$ cat target_21.cif   # mmCIF, C-alpha atoms and all ligand atoms
data_structure
loop_
_atom_site.group_PDB
_atom_site.id
_atom_site.type_symbol
_atom_site.label_atom_id
_atom_site.label_comp_id
_atom_site.auth_asym_id
_atom_site.auth_seq_id
_atom_site.Cartn_x
_atom_site.Cartn_y
_atom_site.Cartn_z
ATOM 1 C CA MET Y 26 0.000 0.000 0.000
ATOM 2 C CA THR Y 27 1.300 3.475 -0.739
ATOM 3 C CA ASN Y 28 1.529 5.792 2.169
ATOM 4 C CA SER Y 29 -0.908 8.712 1.923
ATOM 5 C CA VAL Y 30 0.155 10.361 5.194
ATOM 6 C CA PRO Y 31 1.757 13.783 4.647
ATOM 7 C CA SER Y 32 5.019 14.708 6.356
ATOM 8 C CA LEU Y 33 5.969 17.700 8.481
ATOM 9 C CA THR Y 34 9.573 18.861 8.748
ATOM 10 C CA LEU Y 35 11.499 18.945 12.006
ATOM 11 C CA ASN Y 36 13.711 21.972 12.742
ATOM 12 C CA ASN Y 37 16.790 20.040 11.537
ATOM 13 C CA GLY Y 38 15.206 19.380 8.124
ATOM 14 C CA ILE Y 39 14.198 15.779 8.796
ATOM 15 C CA PRO Y 40 10.682 14.790 7.679
ATOM 16 C CA ILE Y 41 8.277 13.072 10.074
ATOM 17 C CA PRO Y 42 4.935 11.512 9.076
ATOM 18 C CA GLN Y 43 2.109 13.629 10.464
ATOM 19 C CA LEU Y 44 0.207 10.584 11.713
ATOM 20 C CA GLY Y 45 1.713 7.602 13.481
ATOM 21 C CA PHE Y 46 0.992 4.649 15.704
ATOM 22 C CA GLY Y 47 1.255 4.891 19.511
ATOM 23 C CA VAL Y 48 1.885 1.739 21.534
ATOM 24 C CA PHE Y 49 1.287 2.890 25.131
ATOM 25 C CA LEU Y 50 -0.402 0.110 27.139
ATOM 26 C CA ILE Y 51 -0.047 -2.481 24.391
ATOM 27 C CA PRO Y 52 1.154 -5.593 26.248
ATOM 28 C CA PRO Y 53 4.710 -6.620 25.228
ATOM 29 C CA ASP Y 54 3.542 -9.920 23.737
ATOM 30 C CA GLU Y 55 0.915 -8.188 21.560
ATOM 31 C CA THR Y 56 3.103 -5.331 20.369
ATOM 32 C CA ALA Y 57 4.813 -7.012 17.406
ATOM 33 C CA THR Y 58 1.441 -8.035 15.955
ATOM 34 C CA ALA Y 59 -0.100 -4.596 16.476
ATOM 35 C CA VAL Y 60 2.892 -2.812 14.915
ATOM 36 C CA ALA Y 61 2.906 -5.245 11.971
ATOM 37 C CA THR Y 62 -0.792 -4.480 11.430
ATOM 38 C CA ALA Y 63 -0.060 -0.749 11.561
ATOM 39 C CA LEU Y 64 2.804 -1.041 9.063
ATOM 40 C CA GLY Y 65 0.513 -3.034 6.780
ATOM 41 C CA ALA Y 66 -2.130 -0.300 7.025
ATOM 42 C CA GLY Y 67 0.409 2.328 5.933
ATOM 43 C CA TYR Y 68 1.709 3.782 9.211
ATOM 44 C CA ARG Y 69 5.376 4.810 8.984
ATOM 45 C CA LEU Y 70 5.796 6.444 12.420
ATOM 46 C CA ILE Y 71 5.886 4.263 15.538
ATOM 47 C CA ASP Y 72 5.859 5.854 18.995
ATOM 48 C CA THR Y 73 7.130 3.764 21.892
ATOM 49 C CA ALA Y 74 8.953 4.468 25.175
ATOM 50 C CA GLN Y 75 11.299 2.703 27.539
ATOM 51 C CA GLY Y 76 8.552 2.902 30.146
ATOM 52 C CA TYR Y 77 6.067 1.020 27.945
ATOM 53 C CA ARG Y 78 8.254 -2.113 28.148
ATOM 54 C CA ASN Y 79 7.377 -3.037 24.580
ATOM 55 C CA GLU Y 80 10.344 -1.719 22.578
ATOM 56 C CA GLN Y 81 11.373 -5.292 21.838
ATOM 57 C CA GLY Y 82 8.011 -5.978 20.176
ATOM 58 C CA VAL Y 83 8.414 -2.831 18.072
ATOM 59 C CA GLY Y 84 11.894 -4.004 17.034
ATOM 60 C CA LYS Y 85 10.610 -7.442 16.177
ATOM 61 C CA ALA Y 86 7.866 -6.068 13.919
ATOM 62 C CA ILE Y 87 10.307 -3.763 12.133
ATOM 63 C CA ALA Y 88 12.862 -6.529 11.620
ATOM 64 C CA SER Y 89 10.317 -8.884 10.119
ATOM 65 C CA SER Y 90 8.514 -6.272 8.002
ATOM 66 C CA ASP Y 91 9.140 -5.886 4.295
ATOM 67 C CA VAL Y 92 8.938 -2.105 4.751
ATOM 68 C CA PRO Y 93 12.559 -0.863 4.544
ATOM 69 C CA ARG Y 94 13.973 0.461 7.806
ATOM 70 C CA ASP Y 95 14.683 3.880 6.257
ATOM 71 C CA GLU Y 96 10.974 4.318 5.499
ATOM 72 C CA ILE Y 97 9.993 3.908 9.160
ATOM 73 C CA PHE Y 98 10.344 6.712 11.708
ATOM 74 C CA ILE Y 99 10.889 5.322 15.215
ATOM 75 C CA THR Y 100 10.461 7.383 18.370
ATOM 76 C CA THR Y 101 11.316 6.215 21.850
ATOM 77 C CA LYS Y 102 11.530 8.064 25.164
ATOM 78 C CA LEU Y 103 13.886 8.109 28.120
ATOM 79 C CA VAL Y 104 12.323 6.502 31.187
ATOM 80 C CA ASN Y 105 11.913 8.770 34.222
ATOM 81 C CA GLY Y 106 14.283 6.767 36.437
ATOM 82 C CA GLN Y 107 17.234 7.446 34.106
ATOM 83 C CA HIS Y 108 17.511 11.241 34.228
ATOM 84 C CA GLY Y 109 21.137 12.377 34.432
ATOM 85 C CA TYR Y 110 23.882 12.557 31.800
ATOM 86 C CA ASP Y 111 25.472 9.114 32.168
ATOM 87 C CA GLN Y 112 22.193 7.412 33.013
ATOM 88 C CA ALA Y 113 20.528 8.748 29.851
ATOM 89 C CA LEU Y 114 23.393 7.557 27.646
ATOM 90 C CA ALA Y 115 23.296 4.080 29.214
ATOM 91 C CA ALA Y 116 19.503 3.862 28.941
ATOM 92 C CA PHE Y 117 19.704 4.862 25.274
ATOM 93 C CA ASP Y 118 22.088 1.961 24.579
ATOM 94 C CA GLU Y 119 19.622 -0.456 26.169
ATOM 95 C CA SER Y 120 16.781 0.893 23.998
ATOM 96 C CA MET Y 121 18.830 0.386 20.860
ATOM 97 C CA LYS Y 122 19.491 -3.228 21.789
ATOM 98 C CA ARG Y 123 15.791 -3.855 22.425
ATOM 99 C CA LEU Y 124 14.772 -2.102 19.208
ATOM 100 C CA GLY Y 125 17.530 -3.873 17.260
ATOM 101 C CA ILE Y 126 18.424 -0.790 15.220
ATOM 102 C CA ASP Y 127 21.631 1.202 14.616
ATOM 103 C CA VAL Y 128 20.263 4.743 14.509
ATOM 104 C CA LEU Y 129 17.079 6.026 16.161
ATOM 105 C CA ASP Y 130 14.921 8.651 14.457
ATOM 106 C CA LEU Y 131 13.753 10.593 17.525
ATOM 107 C CA PHE Y 132 14.672 10.321 21.204
ATOM 108 C CA LEU Y 133 12.544 12.232 23.728
ATOM 109 C CA ILE Y 134 12.879 12.983 27.433
ATOM 110 C CA HIS Y 135 9.562 11.494 28.573
ATOM 111 C CA TRP Y 136 8.780 13.872 31.488
ATOM 112 C CA PRO Y 137 10.619 16.965 32.791
ATOM 113 C CA LEU Y 138 10.543 15.933 36.501
ATOM 114 C CA PRO Y 139 11.368 19.487 37.635
ATOM 115 C CA MET Y 140 11.430 18.359 41.287
ATOM 116 C CA PHE Y 141 14.637 16.403 40.577
ATOM 117 C CA ASP Y 142 16.124 19.203 38.465
ATOM 118 C CA LYS Y 143 18.119 17.002 36.116
ATOM 119 C CA TYR Y 144 16.460 17.642 32.790
ATOM 120 C CA VAL Y 145 19.122 20.127 31.640
ATOM 121 C CA GLU Y 146 22.019 17.662 32.036
ATOM 122 C CA THR Y 147 19.793 14.937 30.615
ATOM 123 C CA TRP Y 148 19.186 17.108 27.562
ATOM 124 C CA GLN Y 149 22.958 17.534 27.178
ATOM 125 C CA ALA Y 150 23.230 13.738 26.941
ATOM 126 C CA LEU Y 151 20.695 13.793 24.099
ATOM 127 C CA GLU Y 152 22.735 16.525 22.408
ATOM 128 C CA GLN Y 153 25.761 14.225 22.650
ATOM 129 C CA LEU Y 154 23.825 11.321 21.089
ATOM 130 C CA LEU Y 155 22.862 13.617 18.230
ATOM 131 C CA ALA Y 156 26.469 14.777 17.754
ATOM 132 C CA ASP Y 157 27.592 11.138 17.740
ATOM 133 C CA GLY Y 158 25.077 10.246 15.012
ATOM 134 C CA ARG Y 159 23.271 7.723 17.212
ATOM 135 C CA VAL Y 160 19.959 9.541 16.806
ATOM 136 C CA ARG Y 161 18.698 11.696 13.929
ATOM 137 C CA SER Y 162 16.697 14.131 16.052
ATOM 138 C CA ILE Y 163 16.035 14.876 19.718
ATOM 139 C CA GLY Y 164 13.080 16.283 21.576
ATOM 140 C CA VAL Y 165 11.108 16.346 24.775
ATOM 141 C CA SER Y 166 7.711 15.349 26.079
ATOM 142 C CA ASN Y 167 5.431 16.963 28.633
ATOM 143 C CA PHE Y 168 7.670 20.035 28.867
ATOM 144 C CA GLN Y 169 6.065 23.309 29.931
ATOM 145 C CA ILE Y 170 7.168 26.717 28.638
ATOM 146 C CA GLU Y 171 9.438 27.287 31.649
ATOM 147 C CA HIS Y 172 11.273 24.004 30.968
ATOM 148 C CA LEU Y 173 11.721 24.852 27.287
ATOM 149 C CA GLU Y 174 12.969 28.313 28.234
ATOM 150 C CA ARG Y 175 15.554 26.800 30.523
ATOM 151 C CA LEU Y 176 16.829 24.539 27.747
ATOM 152 C CA ALA Y 177 16.976 27.591 25.472
ATOM 153 C CA ASN Y 178 19.051 29.520 28.020
ATOM 154 C CA GLU Y 179 21.366 26.758 29.199
ATOM 155 C CA THR Y 180 21.879 24.386 26.250
ATOM 156 C CA ASP Y 181 22.737 24.537 22.552
ATOM 157 C CA ILE Y 182 20.033 22.702 20.612
ATOM 158 C CA THR Y 183 16.330 23.536 20.406
ATOM 159 C CA PRO Y 184 14.149 20.412 20.814
ATOM 160 C CA ALA Y 185 12.709 19.290 17.475
ATOM 161 C CA MET Y 186 9.510 18.099 19.136
ATOM 162 C CA ASN Y 187 7.451 18.430 22.307
ATOM 163 C CA GLN Y 188 5.003 15.549 22.694
ATOM 164 C CA ILE Y 189 2.212 16.693 24.995
ATOM 165 C CA GLU Y 190 -1.301 15.754 26.044
ATOM 166 C CA LEU Y 191 -3.473 17.449 23.457
ATOM 167 C CA HIS Y 192 -7.034 16.865 22.230
ATOM 168 C CA PRO Y 193 -10.040 19.080 21.492
ATOM 169 C CA GLU Y 194 -10.969 19.329 25.196
ATOM 170 C CA PHE Y 195 -7.398 20.418 25.987
ATOM 171 C CA PRO Y 196 -5.915 22.036 22.879
ATOM 172 C CA GLN Y 197 -2.878 23.585 24.640
ATOM 173 C CA GLU Y 198 -3.068 26.828 22.667
ATOM 174 C CA GLU Y 199 -0.449 28.711 24.685
ATOM 175 C CA LEU Y 200 2.139 25.941 24.507
ATOM 176 C CA ARG Y 201 1.428 25.379 20.802
ATOM 177 C CA ALA Y 202 1.963 29.083 20.112
ATOM 178 C CA TYR Y 203 5.291 28.920 21.956
ATOM 179 C CA HIS Y 204 6.306 25.885 19.887
ATOM 180 C CA ASP Y 205 5.337 27.646 16.667
ATOM 181 C CA SER Y 206 7.441 30.672 17.474
ATOM 182 C CA HIS Y 207 10.466 28.549 18.420
ATOM 183 C CA GLY Y 208 10.482 25.967 15.609
ATOM 184 C CA ILE Y 209 9.314 23.082 17.796
ATOM 185 C CA LEU Y 210 6.759 20.646 16.365
ATOM 186 C CA THR Y 211 3.801 19.664 18.538
ATOM 187 C CA GLU Y 212 2.878 15.994 18.867
ATOM 188 C CA SER Y 213 -0.460 15.099 20.474
ATOM 189 C CA TRP Y 214 -0.699 12.268 22.964
ATOM 190 C CA GLY Y 215 -4.083 11.046 24.114
ATOM 191 C CA PRO Y 216 -5.381 12.461 20.827
ATOM 192 C CA LEU Y 217 -8.704 10.604 21.008
ATOM 193 C CA GLY Y 218 -9.204 11.593 24.615
ATOM 194 C CA GLN Y 219 -8.182 8.105 25.792
ATOM 195 C CA SER Y 220 -11.727 6.714 25.549
ATOM 196 C CA LYS Y 221 -12.922 9.072 28.293
ATOM 197 C CA GLY Y 222 -15.987 10.536 26.600
ATOM 198 C CA LEU Y 223 -14.732 12.785 23.786
ATOM 199 C CA LEU Y 224 -15.758 10.356 21.042
ATOM 200 C CA ASP Y 225 -19.314 10.211 22.446
ATOM 201 C CA ASP Y 226 -19.820 13.976 22.574
ATOM 202 C CA ALA Y 227 -22.996 14.795 20.617
ATOM 203 C CA ARG Y 228 -21.248 17.613 18.714
ATOM 204 C CA VAL Y 229 -18.488 15.259 17.547
ATOM 205 C CA VAL Y 230 -21.078 12.619 16.635
ATOM 206 C CA GLU Y 231 -22.962 15.183 14.546
ATOM 207 C CA ILE Y 232 -19.859 16.223 12.582
ATOM 208 C CA ALA Y 233 -18.968 12.564 12.008
ATOM 209 C CA GLU Y 234 -22.465 11.790 10.707
ATOM 210 C CA LYS Y 235 -22.314 14.766 8.373
ATOM 211 C CA LYS Y 236 -18.946 13.627 6.994
ATOM 212 C CA GLY Y 237 -19.969 9.972 6.790
ATOM 213 C CA CYS Y 238 -17.085 8.840 8.968
ATOM 214 C CA THR Y 239 -16.422 7.902 12.583
ATOM 215 C CA THR Y 240 -15.951 10.198 15.550
ATOM 216 C CA ALA Y 241 -12.344 9.007 15.898
ATOM 217 C CA GLN Y 242 -11.702 10.005 12.294
ATOM 218 C CA VAL Y 243 -13.059 13.540 12.657
ATOM 219 C CA VAL Y 244 -11.051 14.071 15.851
ATOM 220 C CA LEU Y 245 -7.869 12.843 14.150
ATOM 221 C CA ARG Y 246 -8.652 15.063 11.165
ATOM 222 C CA TRP Y 247 -8.894 18.022 13.589
ATOM 223 C CA HIS Y 248 -5.356 17.293 14.829
ATOM 224 C CA ILE Y 249 -4.089 17.155 11.247
ATOM 225 C CA GLN Y 250 -5.699 20.471 10.334
ATOM 226 C CA VAL Y 251 -4.423 22.140 13.522
ATOM 227 C CA GLY Y 252 -0.928 21.092 12.396
ATOM 228 C CA ASN Y 253 -0.003 18.542 15.058
ATOM 229 C CA VAL Y 254 1.740 15.247 14.616
ATOM 230 C CA VAL Y 255 -0.734 12.705 15.996
ATOM 231 C CA ILE Y 256 -0.177 9.153 17.279
ATOM 232 C CA PRO Y 257 -3.449 7.311 18.045
ATOM 233 C CA LYS Y 258 -3.255 3.888 19.655
ATOM 234 C CA SER Y 259 -5.394 0.827 19.023
ATOM 235 C CA VAL Y 260 -4.890 -2.925 18.943
ATOM 236 C CA THR Y 261 -8.002 -3.539 16.860
ATOM 237 C CA PRO Y 262 -7.103 -4.023 13.168
ATOM 238 C CA GLN Y 263 -10.244 -2.293 11.929
ATOM 239 C CA ARG Y 264 -9.597 0.769 14.141
ATOM 240 C CA ILE Y 265 -5.907 0.820 13.207
ATOM 241 C CA GLN Y 266 -7.017 1.114 9.571
ATOM 242 C CA GLU Y 267 -9.803 3.576 10.323
ATOM 243 C CA ASN Y 268 -7.443 5.889 12.242
ATOM 244 C CA ILE Y 269 -5.149 6.366 9.240
ATOM 245 C CA ASP Y 270 -7.985 6.886 6.758
ATOM 246 C CA VAL Y 271 -8.356 10.588 7.478
ATOM 247 C CA PHE Y 272 -6.858 12.161 4.378
ATOM 248 C CA ASP Y 273 -9.800 12.140 1.978
ATOM 249 C CA PHE Y 274 -12.078 14.649 3.724
ATOM 250 C CA GLU Y 275 -11.748 18.054 5.376
ATOM 251 C CA LEU Y 276 -13.308 19.889 8.272
ATOM 252 C CA ASP Y 277 -14.750 23.246 7.247
ATOM 253 C CA GLU Y 278 -14.864 26.519 9.197
ATOM 254 C CA ALA Y 279 -18.116 25.602 10.920
ATOM 255 C CA ASP Y 280 -16.754 22.214 12.012
ATOM 256 C CA LEU Y 281 -13.612 23.876 13.368
ATOM 257 C CA ALA Y 282 -15.753 26.395 15.257
ATOM 258 C CA THR Y 283 -17.630 23.489 16.848
ATOM 259 C CA PHE Y 284 -14.340 21.874 17.814
ATOM 260 C CA ALA Y 285 -13.278 25.153 19.434
ATOM 261 C CA GLU Y 286 -16.363 24.895 21.673
ATOM 262 C CA LEU Y 287 -15.143 21.535 22.985
ATOM 263 C CA ASN Y 288 -12.223 23.221 24.740
ATOM 264 C CA VAL Y 289 -12.996 22.924 28.440
ATOM 265 C CA GLY Y 290 -9.390 22.804 29.589
ATOM 266 C CA ARG Y 291 -9.800 19.176 30.614
ATOM 267 C CA ARG Y 292 -6.432 17.552 31.282
ATOM 268 C CA LEU Y 293 -6.677 13.751 31.416
ATOM 269 C CA GLY Y 294 -3.168 12.925 32.587
ATOM 270 C CA PRO Y 295 -1.021 14.303 35.391
ATOM 271 C CA HIS Y 296 0.333 17.857 35.382
ATOM 272 C CA PRO Y 297 3.963 17.711 34.205
ATOM 273 C CA ASN Y 298 5.103 19.951 37.066
ATOM 274 C CA GLU Y 299 3.780 17.458 39.586
ATOM 275 C CA PHE Y 300 4.372 14.097 37.935
ATOM 276 C CA ASP Y 301 7.278 12.504 39.810
ATOM 277 C CA LEU Y 302 6.879 8.779 39.165
ATOM 278 C CA VAL Y 303 10.261 7.175 38.655
HETATM 279 P P1 LIG Y 401 -5.620 7.706 22.610
HETATM 280 O O1 LIG Y 401 -6.323 9.000 22.736
HETATM 281 O O2 LIG Y 401 -4.906 7.361 21.363
HETATM 282 O O3 LIG Y 401 -6.686 6.609 22.998
HETATM 283 C C1 LIG Y 401 -6.439 5.265 22.821
HETATM 284 C C2 LIG Y 401 -7.741 4.496 23.053
HETATM 285 O O4 LIG Y 401 -8.756 5.003 22.191
HETATM 286 C C3 LIG Y 401 -7.563 3.030 22.675
HETATM 287 O O5 LIG Y 401 -7.150 2.282 23.769
HETATM 288 C C4 LIG Y 401 -8.947 2.657 22.214
HETATM 289 O O6 LIG Y 401 -9.678 2.217 23.332
HETATM 290 C C5 LIG Y 401 -9.534 3.939 21.728
HETATM 291 N N1 LIG Y 401 -9.583 3.972 20.244
HETATM 292 C C6 LIG Y 401 -8.559 3.950 19.366
HETATM 293 N N2 LIG Y 401 -9.004 4.039 18.111
HETATM 294 C C7 LIG Y 401 -10.347 4.118 18.181
HETATM 295 C C8 LIG Y 401 -11.372 4.227 17.229
HETATM 296 N N3 LIG Y 401 -11.107 4.296 15.922
HETATM 297 N N4 LIG Y 401 -12.648 4.279 17.671
HETATM 298 C C9 LIG Y 401 -12.939 4.247 18.982
HETATM 299 N N5 LIG Y 401 -12.007 4.148 19.948
HETATM 300 C C10 LIG Y 401 -10.717 4.082 19.555
HETATM 301 O O7 LIG Y 401 -4.626 7.636 23.885
HETATM 302 P P2 LIG Y 401 -3.161 7.134 24.191
HETATM 303 O O8 LIG Y 401 -2.908 5.741 23.768
HETATM 304 O O9 LIG Y 401 -2.943 7.470 25.616
HETATM 305 O O10 LIG Y 401 -2.259 8.117 23.321
HETATM 306 C C11 LIG Y 401 -1.740 7.767 22.053
HETATM 307 C C12 LIG Y 401 -0.250 7.545 22.116
HETATM 308 O O11 LIG Y 401 0.394 8.683 22.667
HETATM 309 C C13 LIG Y 401 0.187 6.414 23.062
HETATM 310 O O12 LIG Y 401 -0.045 5.132 22.536
HETATM 311 C C14 LIG Y 401 1.634 6.764 23.267
HETATM 312 O O13 LIG Y 401 2.400 6.355 22.154
HETATM 313 C C15 LIG Y 401 1.560 8.276 23.379
HETATM 314 N N6 LIG Y 401 1.454 8.738 24.778
HETATM 315 C C16 LIG Y 401 2.473 9.500 25.251
HETATM 316 C C17 LIG Y 401 2.433 9.984 26.549
HETATM 317 C C18 LIG Y 401 3.566 10.824 27.035
HETATM 318 O O14 LIG Y 401 3.639 11.102 28.239
HETATM 319 N N7 LIG Y 401 4.443 11.262 26.170
HETATM 320 C C19 LIG Y 401 1.355 9.694 27.400
HETATM 321 C C20 LIG Y 401 0.317 8.910 26.878
HETATM 322 C C21 LIG Y 401 0.373 8.464 25.571
#
$ encode --input "target_21.cif" --output "C-alpha cells" --more "lines below"
Ligand code: NAD
Amino acid sequence: MTNSVPSLTLNNGIPIPQLGFGVFLIPPDETATAVATALGAGYRLIDTAQGYRNEQGVGKAIASSDVPRDEIFITTKLVNGQHGYDQALAAFDESMKRLGIDVLDLFLIHWPLPMFDKYVETWQALEQLLADGRVRSIGVSNFQIEHLERLANETDITPAMNQIELHPEFPQEELRAYHDSHGILTESWGPLGQSKGLLDDARVVEIAEKKGCTTAQVVLRWHIQVGNVVIPKSVTPQRIQENIDVFDFELDEADLATFAELNVGRRLGPHPNEFDLV
C-alpha cells in the first residue's frame, strides 16, 4: 500500500509523518502483531517508550517487516528513572538493543521531573547522542514553557519536538503558540481523549455523521488540520485502519468552530510539574 500520510519537517530538516501509531499500554507480547498491522495499514511512524516495556516488540515487527527500515520513523523516550547525563546515555544503549536498530529517528525525554532538576544535564546527553550520530533528532515530552525556556538559556540545541497531552478538550493553545514561534513541532498524545468521553460527545457525533465517517476520524482530522503530529493507539485491526484513513475529507470553518467549543481545559493525565513517578 502506498503511504498517503503527509510529512511535516522537524527543525533540523528531517521529515516526520504527520500521523503515526502509539503503543502505550499495548502488552509486550501483543506489540509485534499490532505494529505489523499498523505497518501493513500504511503507518510509517511508531511511537514507543522505555517505560512502555514493549520496545522489543516494536523491534521485532520492524525486523520482520518488508517495509525498509529507512521508510519507518521510530520514536522512543527516556524513562523517568534514568535522568542524568550518564544514566541517559546508558539507557539509550539499552533501547537500541531492544529495538535492534543502529540509529534512532527521535529520542525524547519522557517527562521533565522538575522536582529532581536534572532535565538540563539529561538534555545535554541527548545533544551528545545527536552529535555522535546515534539519533537523527532529539526532543522532549510533557515540557512546559518554563522548561523549554531553561533549555533555550542553558543548552545549545532547540528540541525538534514536544510531545504533549493534546485533544479538542485540551488544545494547549499557549504551549502550541510557543512551539510555533520557536520551531518546535507539537505531537499530540491522548489524541482521542483516551476513551474518556470525547468520542461520544454529541457535537463530535454530529460532525462525524455529516462527513460519513467515525468520531475518531473527525477528531484525528482536527489534529491534522491544527498542524499537530498525531499518534493514536489501538490494537483492533479495523480501528488501526480507520485511524489512518483521514486524508480524503476536510473539516470546514463551521466544524472547526464546533471543535473550538469543545475546549474545556480538561487535562486527562497528570500535570507535568507534579508528575514525579520514577
Ligand atoms: P488515545 O487517545 O490514542 O486513545 C487510545 C484508546 O482510544 C484506545 O485504547 C482505544 O480504546 C480507543 N480507540 C482507538 N481508536 C479508536 C477508534 N477508531 N474508535 C474508537 N475508539 C478508539 O490515547 P493514548 O494511547 O494514551 O495516546 C496515544 C499515544 O500517545 C500512546 O499510545 C503513546 O504512544 C503516546 N502517549 C504518550 C504519553 C507521554 O507522556 N508522552 C502519554 C500517553 C500516551
$ resolve_selection --input "target_21.cif" --expression "the PyMOL selection byres (((chain Y and resi 54-62) around 12) and not hetatm)" --output "PyMOL selection string"
chain Y and resi 45-53+63-73+77-92+97+99+124+258-266+269
$ atom_distance --input "target_21.cif" --atom1 "CA of Leu33 (chain Y)" --atom2 "CA of Glu171 (chain Y)"
25.3 Å
$ atom_distance --input "target_21.cif" --atom1 "CA of Glu278 (chain Y)" --atom2 "atom C9 of ligand LIG 401 (chain Y)"
24.4 Å
$ resolve_selection --input "target_21.cif" --expression "the PyMOL selection byres (((chain Y and resi 152) around 12) and not hetatm)" --output "PyMOL selection string"
chain Y and resi 110+113-114+131-134+145-151+153-165+176+180-185
$ atom_distance --input "target_21.cif" --atom1 "CA of Asp95 (chain Y)" --atom2 "CA of Val128 (chain Y)"
10.0 Å
$ resolve_selection --input "target_21.cif" --expression "the PyMOL selection byres (((chain Y and resi 287-293) around 7) and not hetatm)" --output "PyMOL selection string"
chain Y and resi 193-196+283-286+294-295
$ residues_near_point --input "target_21.cif" --point "(-4.8, 20.3, 15.3)" --cutoff "12 Å" --atoms "all atoms listed in the file" --output "PDB file with C-alpha atoms, in the coordinates of the input"
ATOM      1  CA  GLN Y  43       2.109  13.629  10.464  1.00  0.00           C
ATOM      2  CA  LEU Y  44       0.207  10.584  11.713  1.00  0.00           C
ATOM      3  CA  LEU Y 191      -3.473  17.449  23.457  1.00  0.00           C
ATOM      4  CA  HIS Y 192      -7.034  16.865  22.230  1.00  0.00           C
ATOM      5  CA  PRO Y 193     -10.040  19.080  21.492  1.00  0.00           C
ATOM      6  CA  GLU Y 194     -10.969  19.329  25.196  1.00  0.00           C
ATOM      7  CA  PHE Y 195      -7.398  20.418  25.987  1.00  0.00           C
ATOM      8  CA  PRO Y 196      -5.915  22.036  22.879  1.00  0.00           C
ATOM      9  CA  GLN Y 197      -2.878  23.585  24.640  1.00  0.00           C
ATOM     10  CA  GLU Y 198      -3.068  26.828  22.667  1.00  0.00           C
ATOM     11  CA  ARG Y 201       1.428  25.379  20.802  1.00  0.00           C
ATOM     12  CA  LEU Y 210       6.759  20.646  16.365  1.00  0.00           C
ATOM     13  CA  THR Y 211       3.801  19.664  18.538  1.00  0.00           C
ATOM     14  CA  GLU Y 212       2.878  15.994  18.867  1.00  0.00           C
ATOM     15  CA  SER Y 213      -0.460  15.099  20.474  1.00  0.00           C
ATOM     16  CA  TRP Y 214      -0.699  12.268  22.964  1.00  0.00           C
ATOM     17  CA  PRO Y 216      -5.381  12.461  20.827  1.00  0.00           C
ATOM     18  CA  LEU Y 217      -8.704  10.604  21.008  1.00  0.00           C
ATOM     19  CA  VAL Y 243     -13.059  13.540  12.657  1.00  0.00           C
ATOM     20  CA  VAL Y 244     -11.051  14.071  15.851  1.00  0.00           C
ATOM     21  CA  LEU Y 245      -7.869  12.843  14.150  1.00  0.00           C
ATOM     22  CA  ARG Y 246      -8.652  15.063  11.165  1.00  0.00           C
ATOM     23  CA  TRP Y 247      -8.894  18.022  13.589  1.00  0.00           C
ATOM     24  CA  HIS Y 248      -5.356  17.293  14.829  1.00  0.00           C
ATOM     25  CA  ILE Y 249      -4.089  17.155  11.247  1.00  0.00           C
ATOM     26  CA  GLN Y 250      -5.699  20.471  10.334  1.00  0.00           C
ATOM     27  CA  VAL Y 251      -4.423  22.140  13.522  1.00  0.00           C
ATOM     28  CA  GLY Y 252      -0.928  21.092  12.396  1.00  0.00           C
ATOM     29  CA  ASN Y 253      -0.003  18.542  15.058  1.00  0.00           C
ATOM     30  CA  VAL Y 254       1.740  15.247  14.616  1.00  0.00           C
ATOM     31  CA  VAL Y 255      -0.734  12.705  15.996  1.00  0.00           C
ATOM     32  CA  LEU Y 276     -13.308  19.889   8.272  1.00  0.00           C
ATOM     33  CA  LEU Y 281     -13.612  23.876  13.368  1.00  0.00           C
ATOM     34  CA  PHE Y 284     -14.340  21.874  17.814  1.00  0.00           C
ATOM     35  CA  ALA Y 285     -13.278  25.153  19.434  1.00  0.00           C
TER      36      ALA Y 285
END
$ axis_aligned_box --input "target_21.cif" --around "ligand LIG 401 (chain Y)" --padding-each-side "3 Å" --output "lines of an AutoDock Vina configuration file"
center_x = -4.2
center_y = 6.7
center_z = 22.1
size_x = 23.4
size_y = 15.0
size_z = 18.3
$ closest_residue --input "target_21.cif" --among "Y:Glu275, Y:Glu190, Y:Glu231, Y:Asp280" --to "ligand LIG 401 (chain Y)" --atoms "only C-alpha atoms and all ligand atoms"
Y:Glu190
$ residues_around --input "target_21.cif" --residues "Phe168 (chain Y)" --least-positions-apart "4" --cutoff "7 Å" --atoms "all atoms listed in the file" --output "number ranges by chain"
Y: 136-137, 172-173, 187, 297
$ closest_residue --input "target_21.cif" --among "Y:Glu299, Y:Asp273, Y:Glu119, Y:Glu267" --to "ligand LIG 401 (chain Y)" --atoms "all atoms listed in the file"
Y:Glu267
$ closest_residue --input "target_21.cif" --among "Y:Thr240, Y:Ser29, Y:Gln219, Y:Asn298" --to "ligand LIG 401 (chain Y)" --atoms "all atoms listed in the file"
Y:Gln219
$ decode --input "target_21.cif" --residues "region 243-249 of chain Y" --atoms "N, CA and C atoms" --output "short mmCIF file (atom, residue, chain, number, x, y, z; two decimals), in the first residue's frame"
data_model
loop_
_atom_site.label_atom_id
_atom_site.label_comp_id
_atom_site.auth_asym_id
_atom_site.auth_seq_id
_atom_site.Cartn_x
_atom_site.Cartn_y
_atom_site.Cartn_z
N VAL Y 243 -12.96 12.07 12.71
CA VAL Y 243 -13.06 13.54 12.66
C VAL Y 243 -12.14 14.19 13.69
N VAL Y 244 -11.97 13.52 14.84
CA VAL Y 244 -11.05 14.07 15.85
C VAL Y 244 -9.61 14.03 15.33
N LEU Y 245 -9.23 12.93 14.70
CA LEU Y 245 -7.87 12.84 14.15
C LEU Y 245 -7.68 13.86 13.03
N ARG Y 246 -8.72 14.06 12.24
CA ARG Y 246 -8.65 15.06 11.16
C ARG Y 246 -8.44 16.46 11.76
N TRP Y 247 -9.09 16.73 12.90
CA TRP Y 247 -8.89 18.02 13.59
C TRP Y 247 -7.41 18.21 13.94
N HIS Y 248 -6.79 17.18 14.50
CA HIS Y 248 -5.36 17.29 14.83
C HIS Y 248 -4.53 17.63 13.58
N ILE Y 249 -4.85 16.94 12.49
CA ILE Y 249 -4.09 17.15 11.25
C ILE Y 249 -4.24 18.61 10.78
#
